[in-house]
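Student: My structure file data24.txt, compact mmCIF, C-alpha atoms and all ligand atoms, is below:
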```txt
# COMPACT_ATOMS: atom_id res chain seq x y z
CA MET A 958 -3.87 -19.06 -5.38
CA GLN A 959 -6.05 -16.52 -7.20
CA VAL A 960 -6.76 -17.10 -10.89
CA ARG A 961 -8.06 -14.24 -13.04
CA ILE A 962 -9.15 -14.86 -16.63
CA PHE A 963 -9.05 -12.03 -19.17
CA GLU A 964 -10.43 -11.67 -22.66
CA ASN A 965 -7.03 -11.22 -24.31
CA ALA A 966 -3.27 -11.01 -23.85
CA GLU A 967 -3.23 -7.22 -23.76
CA GLN A 968 -5.51 -7.19 -20.73
CA VAL A 969 -3.30 -9.77 -18.98
CA GLY A 970 -0.28 -7.50 -19.46
CA LYS A 971 -2.13 -4.48 -18.14
CA ALA A 972 -3.48 -6.37 -15.12
CA ALA A 973 0.05 -7.52 -14.26
CA ALA A 974 1.27 -3.94 -14.62
CA LEU A 975 -1.45 -2.82 -12.19
CA LEU A 976 -0.16 -5.20 -9.53
CA PHE A 977 3.46 -4.08 -10.00
CA ALA A 978 2.48 -0.43 -10.09
CA SER A 979 0.60 -0.75 -6.82
CA GLN A 980 3.52 -2.63 -5.27
CA VAL A 981 5.92 0.18 -6.22
CA THR A 982 3.47 2.87 -5.12
CA ARG A 983 2.92 1.16 -1.77
CA LYS A 984 6.62 0.42 -1.24
CA PRO A 985 8.88 2.69 -3.33
CA ASN A 986 12.01 0.70 -2.40
CA SER A 987 10.55 -2.60 -3.57
CA VAL A 988 12.72 -5.49 -4.68
CA LEU A 989 11.14 -6.68 -7.91
CA GLY A 990 11.67 -10.10 -9.47
CA LEU A 991 11.49 -9.81 -13.24
CA ALA A 992 11.17 -12.19 -16.18
CA THR A 993 12.02 -12.17 -19.88
CA GLY A 994 10.22 -13.78 -22.83
CA SER A 995 7.13 -12.69 -24.74
CA SER A 996 4.70 -12.81 -21.83
CA PRO A 997 5.95 -9.77 -19.82
CA ILE A 998 6.30 -7.37 -22.76
CA GLY A 999 2.78 -5.89 -22.46
CA CYS A 1000 3.23 -5.45 -18.72
CA TYR A 1001 6.57 -3.69 -19.24
CA GLN A 1002 5.07 -1.41 -21.91
CA GLN A 1003 2.34 -0.33 -19.51
CA LEU A 1004 4.83 0.30 -16.69
CA ILE A 1005 6.95 2.39 -19.08
CA ALA A 1006 3.87 4.38 -20.14
CA TRP A 1007 2.94 5.14 -16.52
CA HIS A 1008 6.54 6.06 -15.75
CA LYS A 1009 6.63 8.47 -18.72
CA GLU A 1010 3.36 10.01 -17.52
CA GLY A 1011 5.03 10.69 -14.19
CA ILE A 1012 2.80 8.30 -12.25
CA LEU A 1013 5.38 5.63 -11.47
CA ASP A 1014 8.82 6.19 -10.02
CA PHE A 1015 11.30 3.30 -9.80
CA SER A 1016 14.19 5.39 -8.44
CA GLU A 1017 14.31 3.43 -5.19
CA CYS A 1018 13.55 0.01 -6.70
CA ILE A 1019 15.98 -2.84 -7.18
CA SER A 1020 15.31 -5.68 -9.60
CA TYR A 1021 16.58 -9.23 -9.92
CA ASN A 1022 15.87 -11.17 -13.08
CA LEU A 1023 15.13 -14.86 -13.07
CA ASP A 1024 17.67 -16.11 -15.51
CA GLU A 1025 20.23 -15.73 -18.27
CA TYR A 1026 21.69 -18.02 -20.92
CA VAL A 1027 25.09 -19.51 -20.22
CA GLY A 1028 27.89 -18.51 -22.58
CA LEU A 1029 25.97 -15.89 -24.57
CA ASP A 1030 27.57 -12.45 -24.87
CA ILE A 1031 25.39 -10.00 -22.92
CA GLU A 1032 25.66 -7.60 -25.86
CA HIS A 1033 23.99 -10.24 -28.07
CA GLU A 1034 20.48 -9.01 -28.84
CA THR A 1035 18.88 -12.22 -27.57
CA SER A 1036 20.70 -12.22 -24.24
CA TYR A 1037 18.35 -11.56 -21.35
CA HIS A 1038 20.55 -8.61 -20.35
CA ALA A 1039 19.92 -7.04 -23.78
CA PHE A 1040 16.22 -7.95 -23.70
CA MET A 1041 15.68 -6.27 -20.35
CA LYS A 1042 17.54 -3.14 -21.41
CA ALA A 1043 15.51 -2.84 -24.60
CA GLN A 1044 12.12 -3.78 -23.14
CA LEU A 1045 12.29 -2.02 -19.78
CA PHE A 1046 15.49 -0.73 -18.18
CA ASP A 1047 16.37 1.85 -20.87
CA HIS A 1048 12.93 3.44 -20.44
CA ILE A 1049 12.47 3.69 -16.68
CA ASN A 1050 14.58 4.86 -13.74
CA MET A 1051 15.25 1.70 -11.78
CA LYS A 1052 17.86 2.35 -9.09
CA GLU A 1053 19.64 -0.97 -9.60
CA THR A 1054 19.09 -3.93 -11.92
CA ASN A 1055 20.57 -7.40 -11.61
CA LEU A 1056 20.72 -10.52 -13.73
CA PRO A 1057 22.77 -13.65 -13.09
CA ASP A 1058 26.08 -13.70 -15.01
CA GLY A 1059 25.94 -16.53 -17.51
CA ASN A 1060 29.54 -15.83 -18.50
CA ALA A 1061 31.01 -16.14 -15.01
CA GLU A 1062 34.13 -18.30 -14.92
CA ASP A 1063 32.78 -20.17 -11.91
CA LEU A 1064 29.05 -20.58 -12.47
CA VAL A 1065 28.48 -22.41 -9.19
CA ALA A 1066 30.03 -19.49 -7.28
CA GLU A 1067 27.92 -17.09 -9.35
CA ALA A 1068 24.76 -19.01 -8.44
CA LYS A 1069 25.62 -18.73 -4.74
CA ARG A 1070 26.49 -15.04 -5.11
CA TYR A 1071 23.14 -14.34 -6.78
CA ASP A 1072 21.11 -16.00 -4.02
CA ALA A 1073 23.15 -14.20 -1.35
CA ALA A 1074 22.66 -10.85 -3.08
CA ILE A 1075 18.88 -11.30 -3.16
CA GLU A 1076 18.87 -12.27 0.49
CA ALA A 1077 21.04 -9.27 1.39
CA ALA A 1078 18.60 -7.00 -0.46
CA GLY A 1079 15.84 -8.25 1.85
CA GLY A 1080 14.29 -10.79 -0.54
CA ILE A 1081 11.98 -10.27 -3.49
CA ASP A 1082 8.76 -8.40 -2.73
CA MET A 1083 6.94 -9.26 -5.95
CA GLN A 1084 8.05 -11.83 -8.51
CA LEU A 1085 6.79 -11.79 -12.09
CA LEU A 1086 6.74 -15.19 -13.80
CA GLY A 1087 5.91 -16.51 -17.25
CA ILE A 1088 5.46 -20.25 -17.65
CA GLY A 1089 6.96 -22.68 -20.15
CA ARG A 1090 4.78 -25.01 -22.21
CA ASN A 1091 6.29 -27.75 -20.06
CA GLY A 1092 5.39 -25.94 -16.84
CA HIS A 1093 8.85 -24.51 -16.17
CA ILE A 1094 9.23 -21.32 -14.14
CA GLY A 1095 12.47 -19.46 -14.55
CA PHE A 1096 14.47 -22.14 -16.30
CA ASN A 1097 13.61 -24.77 -13.73
CA GLU A 1098 12.82 -27.53 -16.17
CA PRO A 1099 10.74 -30.68 -15.47
CA ALA A 1100 12.79 -32.88 -13.14
CA ASP A 1101 12.60 -35.49 -10.41
CA LYS A 1102 12.93 -32.86 -7.71
CA PHE A 1103 12.64 -29.16 -7.00
CA VAL A 1104 16.01 -27.42 -6.70
CA TYR A 1105 16.15 -24.76 -4.02
CA GLY A 1106 19.05 -22.52 -5.01
CA THR A 1107 20.05 -20.76 -8.20
CA GLN A 1108 21.21 -23.48 -10.56
CA ILE A 1109 22.86 -24.17 -13.89
CA VAL A 1110 20.33 -26.00 -16.05
CA ASP A 1111 20.32 -27.95 -19.28
CA LEU A 1112 17.45 -26.58 -21.32
CA THR A 1113 14.98 -29.20 -22.58
CA GLU A 1114 14.20 -29.71 -26.29
CA SER A 1115 10.77 -28.16 -25.70
CA THR A 1116 12.33 -24.95 -24.29
CA ILE A 1117 15.01 -24.82 -27.00
CA ASP A 1118 12.27 -25.22 -29.65
CA ALA A 1119 10.14 -22.51 -28.01
CA ASN A 1120 13.07 -20.08 -27.80
CA THR A 1121 14.33 -20.68 -31.33
CA ARG A 1122 11.98 -17.90 -32.43
CA PHE A 1123 14.30 -15.33 -30.85
CA PHE A 1124 17.38 -16.64 -32.73
CA GLU A 1125 18.28 -17.09 -36.41
CA ASN A 1126 18.04 -20.86 -36.07
CA LYS A 1127 17.81 -23.62 -33.48
CA ASP A 1128 21.57 -24.27 -33.46
CA GLN A 1129 22.17 -20.78 -32.08
CA VAL A 1130 19.99 -21.30 -28.99
CA PRO A 1131 22.25 -21.84 -25.97
CA ARG A 1132 21.81 -25.25 -24.35
CA LYS A 1133 22.38 -24.09 -20.79
CA ALA A 1134 21.10 -21.32 -18.58
CA ILE A 1135 21.58 -20.05 -15.04
CA SER A 1136 18.27 -19.71 -13.23
CA LEU A 1137 16.94 -18.65 -9.88
CA GLY A 1138 15.90 -21.89 -8.16
CA ILE A 1139 12.49 -22.83 -6.89
CA GLY A 1140 13.49 -21.71 -3.39
CA GLY A 1141 14.36 -18.25 -4.66
CA ILE A 1142 10.98 -17.99 -6.37
CA MET A 1143 9.06 -19.41 -3.40
CA ASN A 1144 10.79 -16.97 -1.05
CA ALA A 1145 9.24 -14.03 -2.91
CA LYS A 1146 6.59 -12.42 -0.74
CA GLU A 1147 4.16 -12.30 -3.63
CA VAL A 1148 4.13 -14.03 -7.04
CA VAL A 1149 2.35 -12.91 -10.20
CA LEU A 1150 2.31 -15.54 -12.96
CA ILE A 1151 1.09 -14.56 -16.40
CA ALA A 1152 0.28 -16.79 -19.38
CA MET A 1153 -1.21 -16.15 -22.76
CA GLY A 1154 -2.12 -18.46 -25.62
CA ALA A 1155 -3.40 -21.98 -26.10
CA ASP A 1156 0.07 -23.53 -25.94
CA LYS A 1157 0.16 -22.64 -22.21
CA ALA A 1158 -3.27 -24.15 -21.45
CA GLN A 1159 -2.02 -27.57 -20.34
CA ALA A 1160 0.72 -26.11 -18.13
CA ILE A 1161 -1.81 -23.75 -16.52
CA HIS A 1162 -4.27 -26.60 -15.99
CA ASP A 1163 -1.60 -28.78 -14.36
CA THR A 1164 -0.38 -25.89 -12.20
CA VAL A 1165 -3.85 -25.07 -10.91
CA TYR A 1166 -5.37 -28.57 -10.63
CA GLY A 1167 -2.54 -31.11 -10.73
CA GLU A 1168 -0.52 -32.65 -7.93
CA ILE A 1169 2.50 -30.71 -6.72
CA ASP A 1170 4.98 -32.46 -8.99
CA PRO A 1171 8.50 -31.43 -10.07
CA GLN A 1172 7.60 -32.61 -13.58
CA VAL A 1173 5.45 -29.44 -13.61
CA GLN A 1174 7.68 -27.07 -11.69
CA ALA A 1175 5.03 -24.31 -11.51
CA SER A 1176 2.80 -26.65 -9.46
CA ILE A 1177 4.92 -25.80 -6.39
CA LEU A 1178 3.22 -22.39 -6.44
CA ARG A 1179 0.13 -24.11 -5.00
CA SER A 1180 1.94 -24.09 -1.68
CA HIS A 1181 2.86 -20.39 -1.85
CA PRO A 1182 0.61 -18.16 0.29
CA HIS A 1183 0.29 -15.26 -2.14
CA VAL A 1184 0.10 -16.15 -5.84
CA THR A 1185 -1.99 -14.46 -8.52
CA ILE A 1186 -2.29 -16.15 -11.91
CA LEU A 1187 -3.39 -13.90 -14.75
CA VAL A 1188 -4.35 -15.66 -17.99
CA ASP A 1189 -6.13 -14.95 -21.21
CA LYS A 1190 -9.05 -17.11 -22.39
CA ALA A 1191 -6.82 -19.30 -24.55
CA ALA A 1192 -4.44 -20.14 -21.70
CA ALA A 1193 -7.47 -20.74 -19.46
CA SER A 1194 -9.19 -23.03 -21.96
CA LEU A 1195 -8.54 -26.20 -19.92
CA LEU A 1196 -9.57 -24.75 -16.55
C1 LIG A 1201 11.98 -16.05 -18.69
C2 LIG A 1201 11.71 -17.32 -18.05
C3 LIG A 1201 10.84 -18.35 -18.67
C4 LIG A 1201 9.67 -17.77 -19.46
C5 LIG A 1201 8.86 -18.90 -20.10
C6 LIG A 1201 7.73 -18.35 -20.96
O1 LIG A 1201 12.80 -15.24 -17.88
O2 LIG A 1201 12.20 -17.54 -16.99
O3 LIG A 1201 10.34 -19.20 -17.66
O4 LIG A 1201 8.85 -17.02 -18.61
O5 LIG A 1201 9.69 -19.69 -20.90
O6 LIG A 1201 8.28 -17.65 -22.03
P1 LIG A 1201 7.36 -16.78 -22.99
O7 LIG A 1201 6.81 -15.69 -22.18
O8 LIG A 1201 8.30 -16.29 -24.06
O9 LIG A 1201 6.29 -17.70 -23.51
```
As structure tokens, how would this structure be written, given the file I've shared?
Ligand code: F6R

Tutor:
Amino acid sequence: MQVRIFENAEQVGKAAALLFASQVTRKPNSVLGLATGSSPIGCYQQLIAWHKEGILDFSECISYNLDEYVGLDIEHETSYHAFMKAQLFDHINMKETNLPDGNAEDLVAEAKRYDAAIEAAGGIDMQLLGIGRNGHIGFNEPADKFVYGTQIVDLTESTIDANTRFFENKDQVPRKAISLGIGGIMNAKEVVLIAMGADKAQAIHDTVYGEIDPQVQASILRSHPHVTILVDKAAASLL
């Protein structure tokens, strides 16, 4: 596990973009694992800028996102489908983009379908991750065990509180999500985790130094052979 500490959040985003840009340059038909939330926005802006300059071509790339809320219309501006369109997909030329369907009638079947689709695509080459204040990755919340496959999760109070900022009020935040499981994340050939801000410092500390413990789901990354953690000074303040 490599940890790189940057002066500020902007640098973290650009450093993450560098890794994704080199992945796509090295392997034009990469399968990219993508994330939503505040953390990846700077990275996506840099990738868009390089694409617009003609340096980066995604026309052979396929992407799979980590997660989506359950029961939220994908046209809703806070759905992860809408987020990805607005923040990245509408501005680059990705060949194919995928997110789990949080409105599927049979969510268990959808979870299986999503895992099978990723496997059929050859697996994820590079997975981008943010981290929750509680150490979650994707929406794999603190638990007694690590769940391998894509799963339907009950969001914790801490995650609902954190995500209220994207909605009009807390009552509007969906209580459930469908998320790539820990197995899906660990199967990625390379993982890039980014974190900015002091409210991520404890989760980053526990990920880097703590025991591998499902109460801090990101700690499993310690056993992944190729993980790069990019943090700003605030998120690194407990390291
Ligand atoms: C998003 C996701 C989450 C976020 C995490 C951090 O697809 O899976 O794990 O990465 O909640 O969110 P931000 O970046 O908004 O602090």

Student: Using all atoms listed in the file, find the one residue out of A:Gln1172, A:Ser1016, A:Ser996, A:Thr1185 that sits nearest to A:Ala1100.

Tutor: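 Distance minimum relative to A:Ala1100 lands on A:Gln1172.
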
Student: Nearest to A:Leu1056: which of A:Glu1032, A:Glu1076, A:Glu1025, A:Asp1082 is it, counting only C-alpha atoms?

Tutor: A:Glu1025

Student: I'd like a table as CSV: residues in stretch 1051-1078 of chain A with an atom no more than 12 Å from stretch 1142-1146 of chain A, each row giving the shortest atom pair and its distance in Å to one decimal, all atoms listed in the file counted, sorted by chain and rising residue number.

Tutor:
```
residue,atom,partner,partner_atom,distance
A:Asp1072,CA,A:Ile1142,CA,10.6
A:Ile1075,CA,A:Ala1145,CA,10.0
A:Glu1076,CA,A:Asn1144,CA,9.5
A:Ala1078,CA,A:Ala1145,CA,12.0
```

Student: Which polymer residues have any atom within 12 Å of an atom of A:Gly1167, counting all atoms listed in the file, with same-chain residues fewer than 4 positions away left out, as a ChimeraX atom specification?

Tutor: /A:1092,1159-1163,1171-1179,1196

Student: So how many Å separate atom CA of A:Val1130 and atom CA of A:Glu1053, to one decimal?

Tutor: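 Computed distance, atom CA of A:Val1130 to atom CA of A:Glu1053, equals 28.1 Å.
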
Student: Which of these, A:Lys1157, A:Tyr1021, A:Lys1052, A:Ala1152, has the shortest distance to A:Val960 once you count all atoms listed in the file?

Tutor: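 Using all atoms listed in the file, A:Val960 sits closest to A:Ala1152.
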
Student: Which residues form the shell of 9 Å around ligand LIG 1201 (chain A) when you count only C-alpha atoms and all ligand atoms, given as an MDAnalysis selection string?

Tutor: chainID A and resid 991:998 1022:1025 1037 1085:1098 1116 1119:1120 1136:1137 1150:1154 1156:1157

Student: Using only C-alpha atoms, can you tell me which of A:Gly970, A:Pro1131, A:Pro1182, A:Pro1099 comes closest to A:Cys1000?

Tutor: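 Closest to A:Cys1000, using only C-alpha atoms: A:Gly970.
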